[in-house]
file run.cif (mmCIF, C-alpha atoms)
data_entry
loop_
_atom_site.group_PDB
_atom_site.id
_atom_site.type_symbol
_atom_site.label_atom_id
_atom_site.label_comp_id
_atom_site.auth_asym_id
_atom_site.auth_seq_id
_atom_site.Cartn_x
_atom_site.Cartn_y
_atom_site.Cartn_z
ATOM 1 C CA MET A 307 131.405 131.124 -54.935
ATOM 2 C CA SER A 308 129.949 134.544 -55.739
ATOM 3 C CA GLY A 309 128.073 133.321 -58.802
ATOM 4 C CA HIS A 310 126.436 130.599 -56.752
ATOM 5 C CA SER A 311 125.477 132.970 -53.928
ATOM 6 C CA LYS A 312 123.976 135.479 -56.339
ATOM 7 C CA TRP A 313 121.929 132.729 -57.945
ATOM 8 C CA SER A 314 120.561 131.770 -54.516
ATOM 9 C CA THR A 315 119.602 135.391 -53.815
ATOM 10 C CA ILE A 316 117.988 135.924 -57.217
ATOM 11 C CA LYS A 317 116.098 132.648 -56.909
ATOM 12 C CA HIS A 318 114.737 133.741 -53.534
ATOM 13 C CA LYS A 319 113.551 137.062 -54.954
ATOM 14 C CA LYS A 320 111.944 135.396 -57.968
ATOM 15 C CA ALA A 321 110.141 132.932 -55.707
ATOM 16 C CA ALA A 322 108.721 135.802 -53.656
ATOM 17 C CA ILE A 323 106.919 137.171 -56.714
ATOM 18 C CA ASP A 324 106.273 133.873 -58.464
ATOM 19 C CA ALA A 325 102.916 133.831 -60.212
ATOM 20 C CA LYS A 326 102.480 130.165 -59.293
ATOM 21 C CA ARG A 327 101.475 131.146 -55.778
ATOM 22 C CA GLY A 328 99.307 128.079 -55.311
ATOM 23 C CA GLN A 329 102.227 125.755 -55.982
ATOM 24 C CA ILE A 330 104.380 127.641 -53.489
ATOM 25 C CA PHE A 331 101.663 127.290 -50.842
ATOM 26 C CA THR A 332 101.387 123.558 -51.546
ATOM 27 C CA LYS A 333 105.109 123.036 -51.062
ATOM 28 C CA ILE A 334 105.261 125.064 -47.858
ATOM 29 C CA ALA A 335 102.195 123.257 -46.506
ATOM 30 C CA ARG A 336 103.996 119.951 -46.990
ATOM 31 C CA GLU A 337 106.975 121.271 -45.046
ATOM 32 C CA ILE A 338 104.707 122.380 -42.212
ATOM 33 C CA THR A 339 102.912 119.021 -42.140
ATOM 34 C CA VAL A 340 106.134 116.996 -41.998
ATOM 35 C CA ALA A 341 107.641 119.288 -39.349
ATOM 36 C CA ALA A 342 104.514 119.010 -37.191
ATOM 37 C CA ARG A 343 104.461 115.231 -37.609
ATOM 38 C CA GLN A 344 108.079 114.942 -36.512
ATOM 39 C CA ALA A 345 108.064 117.135 -33.415
ATOM 40 C CA GLY A 346 104.552 118.375 -32.682
ATOM 41 C CA GLY A 347 102.452 121.381 -33.564
ATOM 42 C CA ASP A 348 103.943 123.915 -31.125
ATOM 43 C CA PRO A 349 106.419 126.152 -33.006
ATOM 44 C CA ASP A 350 108.010 127.244 -29.708
ATOM 45 C CA MET A 351 109.073 123.637 -29.136
ATOM 46 C CA ASN A 352 109.682 122.717 -32.779
ATOM 47 C CA PRO A 353 112.399 124.759 -34.574
ATOM 48 C CA ARG A 354 111.720 123.148 -37.946
ATOM 49 C CA LEU A 355 108.031 124.027 -37.720
ATOM 50 C CA ARG A 356 108.876 127.575 -36.667
ATOM 51 C CA LEU A 357 111.130 127.966 -39.708
ATOM 52 C CA SER A 358 108.438 126.578 -42.027
ATOM 53 C CA LEU A 359 105.849 128.965 -40.603
ATOM 54 C CA ASP A 360 108.226 131.885 -41.095
ATOM 55 C CA LYS A 361 108.608 130.859 -44.726
ATOM 56 C CA ALA A 362 104.817 130.653 -45.051
ATOM 57 C CA ARG A 363 104.379 134.188 -43.680
ATOM 58 C CA SER A 364 107.056 135.523 -46.021
ATOM 59 C CA ALA A 365 105.064 134.064 -48.930
ATOM 60 C CA ASN A 366 101.835 135.640 -47.571
ATOM 61 C CA MET A 367 100.282 132.224 -47.067
ATOM 62 C CA PRO A 368 96.809 132.449 -45.433
ATOM 63 C CA MET A 369 96.699 131.506 -41.746
ATOM 64 C CA GLU A 370 94.002 128.891 -42.372
ATOM 65 C CA ASN A 371 96.353 127.070 -44.753
ATOM 66 C CA MET A 372 99.046 126.965 -42.059
ATOM 67 C CA ASP A 373 96.602 125.724 -39.416
ATOM 68 C CA ARG A 374 95.320 123.017 -41.767
ATOM 69 C CA ALA A 375 98.846 121.821 -42.506
ATOM 70 C CA ILE A 376 99.690 121.625 -38.792
ATOM 71 C CA LYS A 377 96.521 119.625 -38.109
ATOM 72 C CA LYS A 378 97.445 117.178 -40.856
ATOM 73 C CA GLY A 379 100.846 116.697 -39.287
ATOM 74 C CA THR A 380 99.592 116.203 -35.748
ATOM 75 C CA GLY A 381 96.790 113.857 -36.793
ATOM 76 C CA ALA A 382 93.940 116.227 -35.976
ATOM 77 C CA ASP A 383 92.993 116.095 -39.644
ATOM 78 C CA GLN A 384 92.502 112.497 -40.764
ATOM 79 C CA ASP A 385 92.691 113.440 -44.452
ATOM 80 C CA SER A 386 96.496 113.398 -44.442
ATOM 81 C CA ALA A 387 99.021 111.919 -46.859
ATOM 82 C CA ASN A 388 102.141 110.306 -45.440
ATOM 83 C CA PHE A 389 104.968 112.271 -47.031
ATOM 84 C CA GLU A 390 108.422 110.757 -47.353
ATOM 85 C CA GLU A 391 111.600 112.829 -47.407
ATOM 86 C CA ILE A 392 114.041 111.889 -50.178
ATOM 87 C CA MET A 393 117.187 113.455 -51.634
ATOM 88 C CA TYR A 394 117.766 113.035 -55.372
ATOM 89 C CA GLU A 395 121.098 113.817 -56.998
ATOM 90 C CA GLY A 396 122.420 114.523 -60.459
ATOM 91 C CA TYR A 397 124.503 116.647 -62.798
ATOM 92 C CA SER A 398 123.682 119.663 -64.933
ATOM 93 C CA PRO A 399 124.951 120.403 -68.423
ATOM 94 C CA GLY A 400 128.561 121.436 -67.814
ATOM 95 C CA GLY A 401 128.965 119.031 -64.884
ATOM 96 C CA ALA A 402 127.671 121.043 -61.931
ATOM 97 C CA ALA A 403 126.251 119.036 -59.035
ATOM 98 C CA VAL A 404 122.499 119.236 -58.413
ATOM 99 C CA LEU A 405 120.865 118.139 -55.154
ATOM 100 C CA LEU A 406 117.085 117.963 -54.664
ATOM 101 C CA GLN A 407 115.118 117.903 -51.437
ATOM 102 C CA VAL A 408 111.824 116.109 -52.082
ATOM 103 C CA LEU A 409 108.661 115.451 -50.093
ATOM 104 C CA THR A 410 106.479 112.860 -51.787
ATOM 105 C CA ASP A 411 103.627 110.494 -51.033
ATOM 106 C CA ASN A 412 104.586 108.312 -54.013
ATOM 107 C CA ARG A 413 108.240 107.864 -54.921
ATOM 108 C CA ASN A 414 107.223 105.705 -57.898
ATOM 109 C CA ARG A 415 105.694 108.845 -59.401
ATOM 110 C CA THR A 416 108.383 111.289 -58.312
ATOM 111 C CA ALA A 417 111.547 109.486 -59.417
ATOM 112 C CA PRO A 418 110.496 109.224 -63.106
ATOM 113 C CA GLU A 419 109.427 112.882 -63.090
ATOM 114 C CA VAL A 420 112.813 113.954 -61.731
ATOM 115 C CA ARG A 421 114.680 111.722 -64.188
ATOM 116 C CA ALA A 422 112.666 113.114 -67.120
ATOM 117 C CA ALA A 423 113.365 116.705 -66.032
ATOM 118 C CA PHE A 424 117.107 116.036 -65.959
ATOM 119 C CA SER A 425 116.997 114.326 -69.346
ATOM 120 C CA LYS A 426 114.934 117.019 -71.110
ATOM 121 C CA ALA A 427 117.308 119.747 -69.917
ATOM 122 C CA GLY A 428 120.475 117.931 -70.939
ATOM 123 C CA GLY A 429 121.483 116.799 -67.449
ATOM 124 C CA ASN A 430 121.841 113.383 -65.856
ATOM 125 C CA MET A 431 120.279 111.909 -62.725
ATOM 126 C CA GLY A 432 122.920 110.328 -60.486
ATOM 127 C CA GLU A 433 123.047 107.540 -57.943
ATOM 128 C CA ALA A 434 122.492 108.129 -54.232
ATOM 129 C CA GLY A 435 125.625 109.667 -52.756
ATOM 130 C CA SER A 436 127.030 110.819 -56.088
ATOM 131 C CA VAL A 437 127.005 114.542 -55.239
ATOM 132 C CA ALA A 438 125.608 114.862 -51.699
ATOM 133 C CA TRP A 439 129.136 114.854 -50.284
ATOM 134 C CA ILE A 440 129.804 118.192 -52.017
ATOM 135 C CA PHE A 441 127.243 119.995 -49.828
ATOM 136 C CA THR A 442 127.099 120.836 -46.122
ATOM 137 C CA SER A 443 123.946 121.760 -44.225
ATOM 138 C CA LYS A 444 124.256 125.332 -42.945
ATOM 139 C CA ALA A 445 122.164 128.054 -41.400
ATOM 140 C CA VAL A 446 122.322 131.084 -43.679
ATOM 141 C CA VAL A 447 121.082 134.551 -42.736
ATOM 142 C CA THR A 448 121.076 137.119 -45.554
ATOM 143 C CA VAL A 449 120.880 140.899 -45.156
ATOM 144 C CA GLU A 450 120.517 143.044 -48.265
ATOM 145 C CA GLU A 451 121.333 146.696 -48.970
ATOM 146 C CA ILE A 452 123.767 147.051 -46.087
ATOM 147 C CA ASP A 453 126.900 149.222 -46.033
ATOM 148 C CA ASP A 454 130.298 147.722 -45.188
ATOM 149 C CA GLU A 455 130.559 149.292 -41.729
ATOM 150 C CA LYS A 456 127.148 148.056 -40.624
ATOM 151 C CA ALA A 457 127.833 144.664 -42.227
ATOM 152 C CA ASP A 458 130.957 144.263 -40.106
ATOM 153 C CA GLU A 459 129.011 145.156 -36.958
ATOM 154 C CA VAL A 460 126.243 142.669 -37.762
ATOM 155 C CA ALA A 461 128.710 139.938 -38.715
ATOM 156 C CA LEU A 462 130.675 140.300 -35.463
ATOM 157 C CA ALA A 463 127.462 140.112 -33.431
ATOM 158 C CA ALA A 464 126.436 137.010 -35.371
ATOM 159 C CA ILE A 465 129.799 135.356 -34.722
ATOM 160 C CA ASP A 466 129.376 136.066 -30.997
ATOM 161 C CA ALA A 467 125.999 134.296 -31.321
ATOM 162 C CA GLY A 468 127.566 131.198 -32.891
ATOM 163 C CA ALA A 469 128.055 132.004 -36.586
ATOM 164 C CA GLU A 470 131.087 130.436 -38.223
ATOM 165 C CA ASP A 471 131.728 132.641 -41.248
ATOM 166 C CA PHE A 472 130.358 135.556 -43.244
ATOM 167 C CA LYS A 473 130.723 137.213 -46.631
ATOM 168 C CA VAL A 474 129.928 140.726 -47.879
ATOM 169 C CA GLU A 475 129.491 141.347 -51.587
ATOM 170 C CA ASP A 476 127.697 144.065 -53.557
ATOM 171 C CA GLY A 477 125.883 145.335 -50.466
ATOM 172 C CA THR A 478 124.662 141.901 -49.388
ATOM 173 C CA LEU A 479 125.797 140.186 -46.182
ATOM 174 C CA GLU A 480 125.580 136.409 -45.819
ATOM 175 C CA VAL A 481 126.246 134.856 -42.424
ATOM 176 C CA TYR A 482 126.861 131.108 -42.118
ATOM 177 C CA GLY A 483 126.565 128.857 -39.085
ATOM 178 C CA PRO A 484 125.487 125.418 -37.884
ATOM 179 C CA PRO A 485 121.829 124.553 -38.555
ATOM 180 C CA SER A 486 121.095 124.493 -34.820
ATOM 181 C CA GLY A 487 122.331 128.088 -34.538
ATOM 182 C CA LEU A 488 119.847 129.664 -36.948
ATOM 183 C CA GLU A 489 117.580 131.200 -34.307
ATOM 184 C CA ALA A 490 120.449 132.655 -32.266
ATOM 185 C CA ILE A 491 122.099 134.151 -35.355
ATOM 186 C CA ARG A 492 118.850 135.631 -36.621
ATOM 187 C CA GLU A 493 118.083 137.117 -33.209
ATOM 188 C CA SER A 494 121.563 138.683 -33.026
ATOM 189 C CA VAL A 495 120.915 140.388 -36.364
ATOM 190 C CA ALA A 496 117.457 141.600 -35.321
ATOM 191 C CA ALA A 497 118.868 142.942 -32.038
ATOM 192 C CA LEU A 498 120.861 145.488 -34.060
ATOM 193 C CA GLY A 499 117.719 146.732 -35.777
ATOM 194 C CA VAL A 500 118.531 144.972 -39.032
ATOM 195 C CA GLU A 501 115.918 142.939 -40.924
ATOM 196 C CA ALA A 502 117.092 139.725 -42.545
ATOM 197 C CA ALA A 503 115.872 139.226 -46.108
ATOM 198 C CA GLN A 504 116.219 135.485 -45.639
ATOM 199 C CA ALA A 505 117.007 133.142 -42.739
ATOM 200 C CA THR A 506 117.016 129.460 -43.542
ATOM 201 C CA VAL A 507 118.797 126.140 -43.289
ATOM 202 C CA THR A 508 120.186 125.234 -46.685
ATOM 203 C CA MET A 509 122.795 123.081 -48.391
ATOM 204 C CA VAL A 510 125.952 125.087 -49.127
ATOM 205 C CA PRO A 511 128.462 123.692 -51.653
ATOM 206 C CA ASN A 512 132.009 123.070 -50.419
ATOM 207 C CA ASN A 513 133.318 123.895 -53.896
ATOM 208 C CA THR A 514 131.887 125.346 -57.097
ATOM 209 C CA VAL A 515 132.091 124.559 -60.816
ATOM 210 C CA PRO A 516 132.433 127.538 -63.195
ATOM 211 C CA LEU A 517 130.050 127.288 -66.151
ATOM 212 C CA ASP A 518 130.369 129.004 -69.517
ATOM 213 C CA ASP A 519 127.440 131.143 -70.643
ATOM 214 C CA HIS A 520 125.817 128.392 -72.716
ATOM 215 C CA THR A 521 125.926 125.617 -70.105
ATOM 216 C CA ALA A 522 125.111 128.125 -67.358
ATOM 217 C CA MET A 523 121.832 129.070 -69.028
ATOM 218 C CA GLN A 524 121.070 125.394 -69.691
ATOM 219 C CA THR A 525 121.708 124.683 -66.018
ATOM 220 C CA LEU A 526 119.444 127.511 -64.847
ATOM 221 C CA LYS A 527 116.663 126.179 -67.063
ATOM 222 C CA LEU A 528 117.199 122.706 -65.577
ATOM 223 C CA LEU A 529 116.983 124.090 -62.027
ATOM 224 C CA ASP A 530 113.753 125.921 -62.890
ATOM 225 C CA ARG A 531 112.321 122.766 -64.479
ATOM 226 C CA LEU A 532 113.114 120.760 -61.360
ATOM 227 C CA GLU A 533 111.652 123.378 -59.021
ATOM 228 C CA GLU A 534 108.404 123.338 -61.000
ATOM 229 C CA LEU A 535 107.817 119.705 -59.978
ATOM 230 C CA ASP A 536 105.213 119.546 -57.213
ATOM 231 C CA ASP A 537 107.201 117.123 -55.062
ATOM 232 C CA VAL A 538 110.488 119.067 -55.173
ATOM 233 C CA GLN A 539 110.883 121.346 -52.166
ATOM 234 C CA GLN A 540 114.340 122.800 -52.749
ATOM 235 C CA VAL A 541 117.070 122.605 -55.390
ATOM 236 C CA PHE A 542 120.758 123.159 -54.669
ATOM 237 C CA THR A 543 123.724 123.370 -57.029
ATOM 238 C CA ASN A 544 127.434 124.110 -56.964
ATOM 239 C CA GLY A 545 127.262 125.756 -60.379
ATOM 240 C CA ASP A 546 128.997 129.149 -60.544
ATOM 241 C CA PHE A 547 127.269 131.595 -62.906
ATOM 242 C CA SER A 548 128.628 134.763 -64.487
ATOM 243 C CA ASP A 549 127.007 138.119 -63.718
ATOM 244 C CA ASP A 550 125.848 138.472 -67.328
ATOM 245 C CA VAL A 551 124.011 135.140 -67.254
ATOM 246 C CA LEU A 552 122.449 135.916 -63.879
ATOM 247 C CA GLU A 553 121.190 139.280 -65.124
ATOM 248 C CA GLU A 554 119.550 137.568 -68.072
ATOM 249 C CA TYR A 555 118.050 134.966 -65.728
ATOM 250 C CA ARG A 556 116.805 137.604 -63.277
ATOM 251 C CA ASP A 557 115.044 139.562 -66.009
ATOM 252 C CA ALA A 558 113.495 136.517 -67.663
#

call {"tool": "encode", "arguments": {"input": "run.cif", "output": "C-alpha cells"}}
result
Amino acid sequence: MSGHSKWSTIKHKKAAIDAKRGQIFTKIAREITVAARQAGGDPDMNPRLRLSLDKARSANMPMENMDRAIKKGTGADQDSANFEEIMYEGYSPGGAAVLLQVLTDNRNRTAPEVRAAFSKAGGNMGEAGSVAWIFTSKAVVTVEEIDDEKADEVALAAIDAGAEDFKVEDGTLEVYGPPSGLEAIRESVAALGVEAAQATVTMVPNNTVPLDDHTAMQTLKLLDRLEELDDVQQVFTNGDFSDDVLEEYRDA
C-alpha cells in the first residue's frame, strides 16, 4: 500500500500550497456548513465541525469565512444552499477504484460533470456500490520527519488511546483507528510533544491495484481533474503508484 499512502501524503502537501486557494476555501466552507447543520455550531459538541474548522485553519482560511459558514449551517444566515452528501464511484485507467465524496446543491449538475471528468481522462463512472466496498472509513493521523525510535513511542501511545494499527515508512508515521477515535489518537500524539502533519477521517482501501507508469500517470491526472470540480470534496483511490511516477507528480 506504500504507493497509495505516498500519494495521499503528496496530495495533502500539494493542496496546502495550491494556487486555487479560493476553491479550497469554498470546499471547506461547505464542509463546515453541513457539519453545523447536522449537529450545531459548537465545535466542542460537534466533532465533525471541529475537524472541519481544523482543516480550515490549516489552509489559512479567514475567521470570517468560518463564522459565515457556521451561520449558514445553523440557520442564522438565511442565504444558505441545502447541500446534499453523495458518494460517486468509478474506475481509473488501469482498473483502480475511485471513490468521490461530494457536497452539492444540484445533483443534476454534478453527476454529468463527474461522468465527463471520468470519460475525458480515460476512466469509467460506476454504479452505486461498485467500489465503495473496497474502502473502510478510518481515522488517520500522520507524523512526518520522525525517527524510528520516536515513531515507535508515538505509535504505542496512540494504540493505548484506541488506535488499531500503524505504519512507518521513509520517516513518516501513519496511525490508523476508528473514526470516533480521531480526537483521542491526536491528543495522545500531541501529549508527546509531536505535531501531526495531518489528522483526518478518510477512506482507506482494503486492497490496492498496482499501476504501470502509463496508467498511473493517467490515473493521477484523472484524480486531479475530479478534485478540480467544485462539488467534489475528497477523492479516494486504491491505485498503487511507483516512486518514480509519484516524484514526477509531486514536481508537476

call {"tool": "residues_around", "arguments": {"input": "run.cif", "residues": "Asp519 in chain A", "least_positions_apart": "5", "cutoff": "8 Å", "atoms": "all atoms listed in the file", "output": "PyMOL selection string"}}
result
chain A and resi 547-548+551

call {"tool": "resolve_selection", "arguments": {"input": "run.cif", "expression": "the PyMOL selection byres ((chain A and resi 503) around 8)", "output": "PyMOL selection string"}}
result
chain A and resi 447-450+501-502+504-505

call {"tool": "residues_around", "arguments": {"input": "run.cif", "residues": "range 524-529 of chain A", "least_positions_apart": "2", "cutoff": "12 Å", "atoms": "all atoms listed in the file", "output": "PyMOL selection string"}}
result
chain A and resi 310+313-314+316-317+396-406+420-431+515-522+531-535+538-548+551-556+558

call {"tool": "resolve_selection", "arguments": {"input": "run.cif", "expression": "the PyMOL selection byres ((chain A and resi 371-377) around 12)", "output": "PDB file with C-alpha atoms, in the frame of the given file"}}
result
ATOM      1  CA  GLY A 328      99.307 128.079 -55.311  1.00  0.00           C
ATOM      2  CA  ILE A 330     104.380 127.641 -53.489  1.00  0.00           C
ATOM      3  CA  PHE A 331     101.663 127.290 -50.842  1.00  0.00           C
ATOM      4  CA  THR A 332     101.387 123.558 -51.546  1.00  0.00           C
ATOM      5  CA  LYS A 333     105.109 123.036 -51.062  1.00  0.00           C
ATOM      6  CA  ILE A 334     105.261 125.064 -47.858  1.00  0.00           C
ATOM      7  CA  ALA A 335     102.195 123.257 -46.506  1.00  0.00           C
ATOM      8  CA  ARG A 336     103.996 119.951 -46.990  1.00  0.00           C
ATOM      9  CA  GLU A 337     106.975 121.271 -45.046  1.00  0.00           C
ATOM     10  CA  ILE A 338     104.707 122.380 -42.212  1.00  0.00           C
ATOM     11  CA  THR A 339     102.912 119.021 -42.140  1.00  0.00           C
ATOM     12  CA  VAL A 340     106.134 116.996 -41.998  1.00  0.00           C
ATOM     13  CA  ALA A 341     107.641 119.288 -39.349  1.00  0.00           C
ATOM     14  CA  ALA A 342     104.514 119.010 -37.191  1.00  0.00           C
ATOM     15  CA  ARG A 343     104.461 115.231 -37.609  1.00  0.00           C
ATOM     16  CA  GLN A 344     108.079 114.942 -36.512  1.00  0.00           C
ATOM     17  CA  ALA A 345     108.064 117.135 -33.415  1.00  0.00           C
ATOM     18  CA  GLY A 346     104.552 118.375 -32.682  1.00  0.00           C
ATOM     19  CA  GLY A 347     102.452 121.381 -33.564  1.00  0.00           C
ATOM     20  CA  ASP A 348     103.943 123.915 -31.125  1.00  0.00           C
ATOM     21  CA  PRO A 349     106.419 126.152 -33.006  1.00  0.00           C
ATOM     22  CA  ASN A 352     109.682 122.717 -32.779  1.00  0.00           C
ATOM     23  CA  LEU A 355     108.031 124.027 -37.720  1.00  0.00           C
ATOM     24  CA  ARG A 356     108.876 127.575 -36.667  1.00  0.00           C
ATOM     25  CA  SER A 358     108.438 126.578 -42.027  1.00  0.00           C
ATOM     26  CA  LEU A 359     105.849 128.965 -40.603  1.00  0.00           C
ATOM     27  CA  ASP A 360     108.226 131.885 -41.095  1.00  0.00           C
ATOM     28  CA  LYS A 361     108.608 130.859 -44.726  1.00  0.00           C
ATOM     29  CA  ALA A 362     104.817 130.653 -45.051  1.00  0.00           C
ATOM     30  CA  ARG A 363     104.379 134.188 -43.680  1.00  0.00           C
ATOM     31  CA  ALA A 365     105.064 134.064 -48.930  1.00  0.00           C
ATOM     32  CA  ASN A 366     101.835 135.640 -47.571  1.00  0.00           C
ATOM     33  CA  MET A 367     100.282 132.224 -47.067  1.00  0.00           C
ATOM     34  CA  PRO A 368      96.809 132.449 -45.433  1.00  0.00           C
ATOM     35  CA  MET A 369      96.699 131.506 -41.746  1.00  0.00           C
ATOM     36  CA  GLU A 370      94.002 128.891 -42.372  1.00  0.00           C
ATOM     37  CA  LYS A 378      97.445 117.178 -40.856  1.00  0.00           C
ATOM     38  CA  GLY A 379     100.846 116.697 -39.287  1.00  0.00           C
ATOM     39  CA  THR A 380      99.592 116.203 -35.748  1.00  0.00           C
ATOM     40  CA  GLY A 381      96.790 113.857 -36.793  1.00  0.00           C
ATOM     41  CA  ALA A 382      93.940 116.227 -35.976  1.00  0.00           C
ATOM     42  CA  ASP A 383      92.993 116.095 -39.644  1.00  0.00           C
ATOM     43  CA  GLN A 384      92.502 112.497 -40.764  1.00  0.00           C
ATOM     44  CA  ASP A 385      92.691 113.440 -44.452  1.00  0.00           C
ATOM     45  CA  SER A 386      96.496 113.398 -44.442  1.00  0.00           C
ATOM     46  CA  ALA A 387      99.021 111.919 -46.859  1.00  0.00           C
TER      47      ALA A 387
END

call {"tool": "atom_distance", "arguments": {"input": "run.cif", "atom1": "CA of Val481 in chain A", "atom2": "CA of Ser364 in chain A"}}
result
19.5 Å

call {"tool": "closest_residue", "arguments": {"input": "run.cif", "among": "A:Glu489, A:Asp466, A:Glu390, A:Glu395", "to": "Asp411 in chain A", "atoms": "only C-alpha atoms"}}
result
A:Glu390

call {"tool": "resolve_selection", "arguments": {"input": "run.cif", "expression": "the PyMOL selection byres ((chain A and resi 478) around 7)", "output": "list in words"}}
result
Val449, Glu450, Glu451, Ile452, Val474, Glu475, Asp476, Gly477, Leu479 and Glu480 of chain A

call {"tool": "closest_residue", "arguments": {"input": "run.cif", "among": "A:Thr442, A:Thr506, A:Asn412, A:Thr514", "to": "Asn388 in chain A", "atoms": "all atoms listed in the file"}}
result
A:Asn412

call {"tool": "atom_distance", "arguments": {"input": "run.cif", "atom1": "CA of Ile465 in chain A", "atom2": "CA of Leu498 in chain A"}}
result
13.5 Å
